[in-house]
Amino acid sequence: MSFLRGAQGIALVFDLTERKTFDSVRAWSRQVADSTDGGVPMVLIANKADLREKWVVSEDEVAELARSLHAPVFFTSAKTGDNVAPAFEALARASMAAVMATKAKRPAAGGDGADVPAVDLGATGGKKPAGGCCG
Ligand SMILES: Nc1nc2c(ncn2[C@@H]2O[C@H](COP(=O)(O)OP(=O)(O)O)[C@@H](O)[C@H]2O)c(=O)[nH]1
Ligand SMILES: [Mg+2]
């Protein structure tokens with residue numbers, strides 16, 4: 001999926017009261033893994049945690065999916081706000097860490113510039129090209 005290219009963090013959200021959303025996340029996470037070389041931080045968000053009596057996905061299934069994704073899982077409620085901020089803070093932290101780690105590995109992309117080719121700004125010696133037109 002091309003829109004995933006360049007992603008620096010992915011929140012996979014499903015609804016604990018609707019099994020098809022869990023199945024979709026499972027399928028989608030496989031596509032994410034295929035499109036992102038595995039290096040993109042993810043969090044798994046199990047929403048509608050407040051509706052416990054209506055859950056149709058077990059905690060074991062959620063934990064298993066989180067393990068397979070190497071992603072932390074957060075049980076949230078968009079209604080009460082419970083655990084929403086911690087989920088997105090964790091994702092932001094992981095994204096920052098991944099970006100810093102990538103920079104550290106590639107000095108040319110923001111490090112000391114040691115392997116950036118030198119450009120000689122004086123190379124034309126201030127001479128105008130022969131036949132130049134414009135004063
Ligand atoms: N109790 C509860 N309701 C929620 C939560 N998140 C969304 N809803 C409500 O669930 C209803 C359906 O929304 P949702 O399932 O998120 O979206 P949809 O399935 O794409 O329509 C809306 O009334 C939302 O306000 C939650 O965490 N807890
Ligand atoms: Mg819904």
# chains A, B, ... in the order shown; residues from 1 in each chain; ligands from 1
>>> residues_near_ligand(ligand="ligand 2", cutoff="12 Å", atoms="only C-alpha atoms and all ligand atoms", output="number ranges by chain")
A: 13-22, 47-48, 78
>>> write_last_selection(atoms="C-alpha atoms", output="short mmCIF file (atom, residue, chain, number, x, y, z; two decimals), in the first residue's frame")
data_model
loop_
_atom_site.label_atom_id
_atom_site.label_comp_id
_atom_site.auth_asym_id
_atom_site.auth_seq_id
_atom_site.Cartn_x
_atom_site.Cartn_y
_atom_site.Cartn_z
CA VAL A 13 -7.23 0.51 15.91
CA PHE A 14 -10.07 -1.98 16.22
CA ASP A 15 -13.37 -2.22 18.06
CA LEU A 16 -13.50 -4.86 20.80
CA THR A 17 -17.25 -5.21 20.19
CA GLU A 18 -16.97 -5.94 16.47
CA ARG A 19 -15.03 -9.02 15.41
CA LYS A 20 -14.69 -7.95 11.79
CA THR A 21 -12.63 -4.94 12.83
CA PHE A 22 -10.21 -7.24 14.70
CA ASN A 47 -11.10 0.48 21.55
CA LYS A 48 -14.47 0.44 23.35
CA ALA A 78 -12.83 6.98 23.04
#
>>> residues_around(residues="Arg93 in chain A", least_positions_apart="6", cutoff="12 Å", atoms="only C-alpha atoms", output="list in words")
Gln8, Gly9, Pro41, Met42, Val43, Pro86, Ala87, Val99 and Met100 of chain A
>>> residues_around(residues="Ala71 in chain A", least_positions_apart="4", cutoff="10 Å", atoms="only C-alpha atoms", output="VMD selection string")
chain A and resid 10 to 12 41 to 45 63 65 to 67 91
>>> closest_residue(among="A:Glu53, A:Ser68, A:Asp23, A:Gly6", to="Asp37 in chain A", atoms="only C-alpha atoms")
A:Gly6
>>> select_by_dssp(residues="range 5-34 of chain A", states="helix (DSSP H, G or I)", output="list in words")
Arg19, Lys20, Thr21, Phe22, Asp23, Ser24, Val25, Arg26, Ala27, Trp28, Ser29, Arg30, Gln31, Val32, Ala33 and Asp34 of chain A
>>> write_last_selection(atoms="N, CA and C atoms", output="PDB file, in the first residue's frame")
ATOM      1  N   ARG A  19     -16.090  -8.086  15.808  1.00  0.00           N
ATOM      2  CA  ARG A  19     -15.034  -9.019  15.413  1.00  0.00           C
ATOM      3  C   ARG A  19     -14.434  -8.672  14.050  1.00  0.00           C
ATOM      4  N   LYS A  20     -15.245  -8.184  13.125  1.00  0.00           N
ATOM      5  CA  LYS A  20     -14.687  -7.949  11.792  1.00  0.00           C
ATOM      6  C   LYS A  20     -13.605  -6.869  11.799  1.00  0.00           C
ATOM      7  N   THR A  21     -13.673  -5.969  12.778  1.00  0.00           N
ATOM      8  CA  THR A  21     -12.631  -4.935  12.835  1.00  0.00           C
ATOM      9  C   THR A  21     -11.309  -5.538  13.332  1.00  0.00           C
ATOM     10  N   PHE A  22     -11.406  -6.537  14.225  1.00  0.00           N
ATOM     11  CA  PHE A  22     -10.206  -7.236  14.700  1.00  0.00           C
ATOM     12  C   PHE A  22      -9.578  -8.025  13.539  1.00  0.00           C
ATOM     13  N   ASP A  23     -10.424  -8.715  12.789  1.00  0.00           N
ATOM     14  CA  ASP A  23      -9.925  -9.500  11.649  1.00  0.00           C
ATOM     15  C   ASP A  23      -9.289  -8.589  10.606  1.00  0.00           C
ATOM     16  N   SER A  24      -9.867  -7.412  10.393  1.00  0.00           N
ATOM     17  CA  SER A  24      -9.311  -6.468   9.424  1.00  0.00           C
ATOM     18  C   SER A  24      -7.942  -5.974   9.859  1.00  0.00           C
ATOM     19  N   VAL A  25      -7.804  -5.681  11.160  1.00  0.00           N
ATOM     20  CA  VAL A  25      -6.517  -5.211  11.673  1.00  0.00           C
ATOM     21  C   VAL A  25      -5.457  -6.294  11.479  1.00  0.00           C
ATOM     22  N   ARG A  26      -5.860  -7.539  11.737  1.00  0.00           N
ATOM     23  CA  ARG A  26      -4.930  -8.640  11.572  1.00  0.00           C
ATOM     24  C   ARG A  26      -4.454  -8.718  10.114  1.00  0.00           C
ATOM     25  N   ALA A  27      -5.384  -8.621   9.190  1.00  0.00           N
ATOM     26  CA  ALA A  27      -5.042  -8.679   7.765  1.00  0.00           C
ATOM     27  C   ALA A  27      -4.217  -7.457   7.363  1.00  0.00           C
ATOM     28  N   TRP A  28      -4.633  -6.307   7.851  1.00  0.00           N
ATOM     29  CA  TRP A  28      -3.962  -5.057   7.494  1.00  0.00           C
ATOM     30  C   TRP A  28      -2.529  -5.040   8.011  1.00  0.00           C
ATOM     31  N   SER A  29      -2.349  -5.584   9.215  1.00  0.00           N
ATOM     32  CA  SER A  29      -1.012  -5.563   9.818  1.00  0.00           C
ATOM     33  C   SER A  29      -0.035  -6.365   8.970  1.00  0.00           C
ATOM     34  N   ARG A  30      -0.551  -7.397   8.303  1.00  0.00           N
ATOM     35  CA  ARG A  30       0.320  -8.180   7.414  1.00  0.00           C
ATOM     36  C   ARG A  30       0.749  -7.325   6.228  1.00  0.00           C
ATOM     37  N   GLN A  31      -0.160  -6.542   5.691  1.00  0.00           N
ATOM     38  CA  GLN A  31       0.190  -5.660   4.573  1.00  0.00           C
ATOM     39  C   GLN A  31       1.165  -4.585   5.028  1.00  0.00           C
ATOM     40  N   VAL A  32       0.979  -4.103   6.261  1.00  0.00           N
ATOM     41  CA  VAL A  32       1.901  -3.102   6.806  1.00  0.00           C
ATOM     42  C   VAL A  32       3.304  -3.692   6.869  1.00  0.00           C
ATOM     43  N   ALA A  33       3.404  -4.900   7.398  1.00  0.00           N
ATOM     44  CA  ALA A  33       4.708  -5.551   7.523  1.00  0.00           C
ATOM     45  C   ALA A  33       5.356  -5.702   6.146  1.00  0.00           C
ATOM     46  N   ASP A  34       4.550  -6.041   5.128  1.00  0.00           N
ATOM     47  CA  ASP A  34       5.082  -6.227   3.770  1.00  0.00           C
ATOM     48  C   ASP A  34       5.516  -4.912   3.135  1.00  0.00           C
TER      49      ASP A  34
END
>>> atom_distance(atom1="atom 26 (C, counted along the ligand's line) of ligand 1", atom2="CA of Ala49 in chain A")
6.7 Å
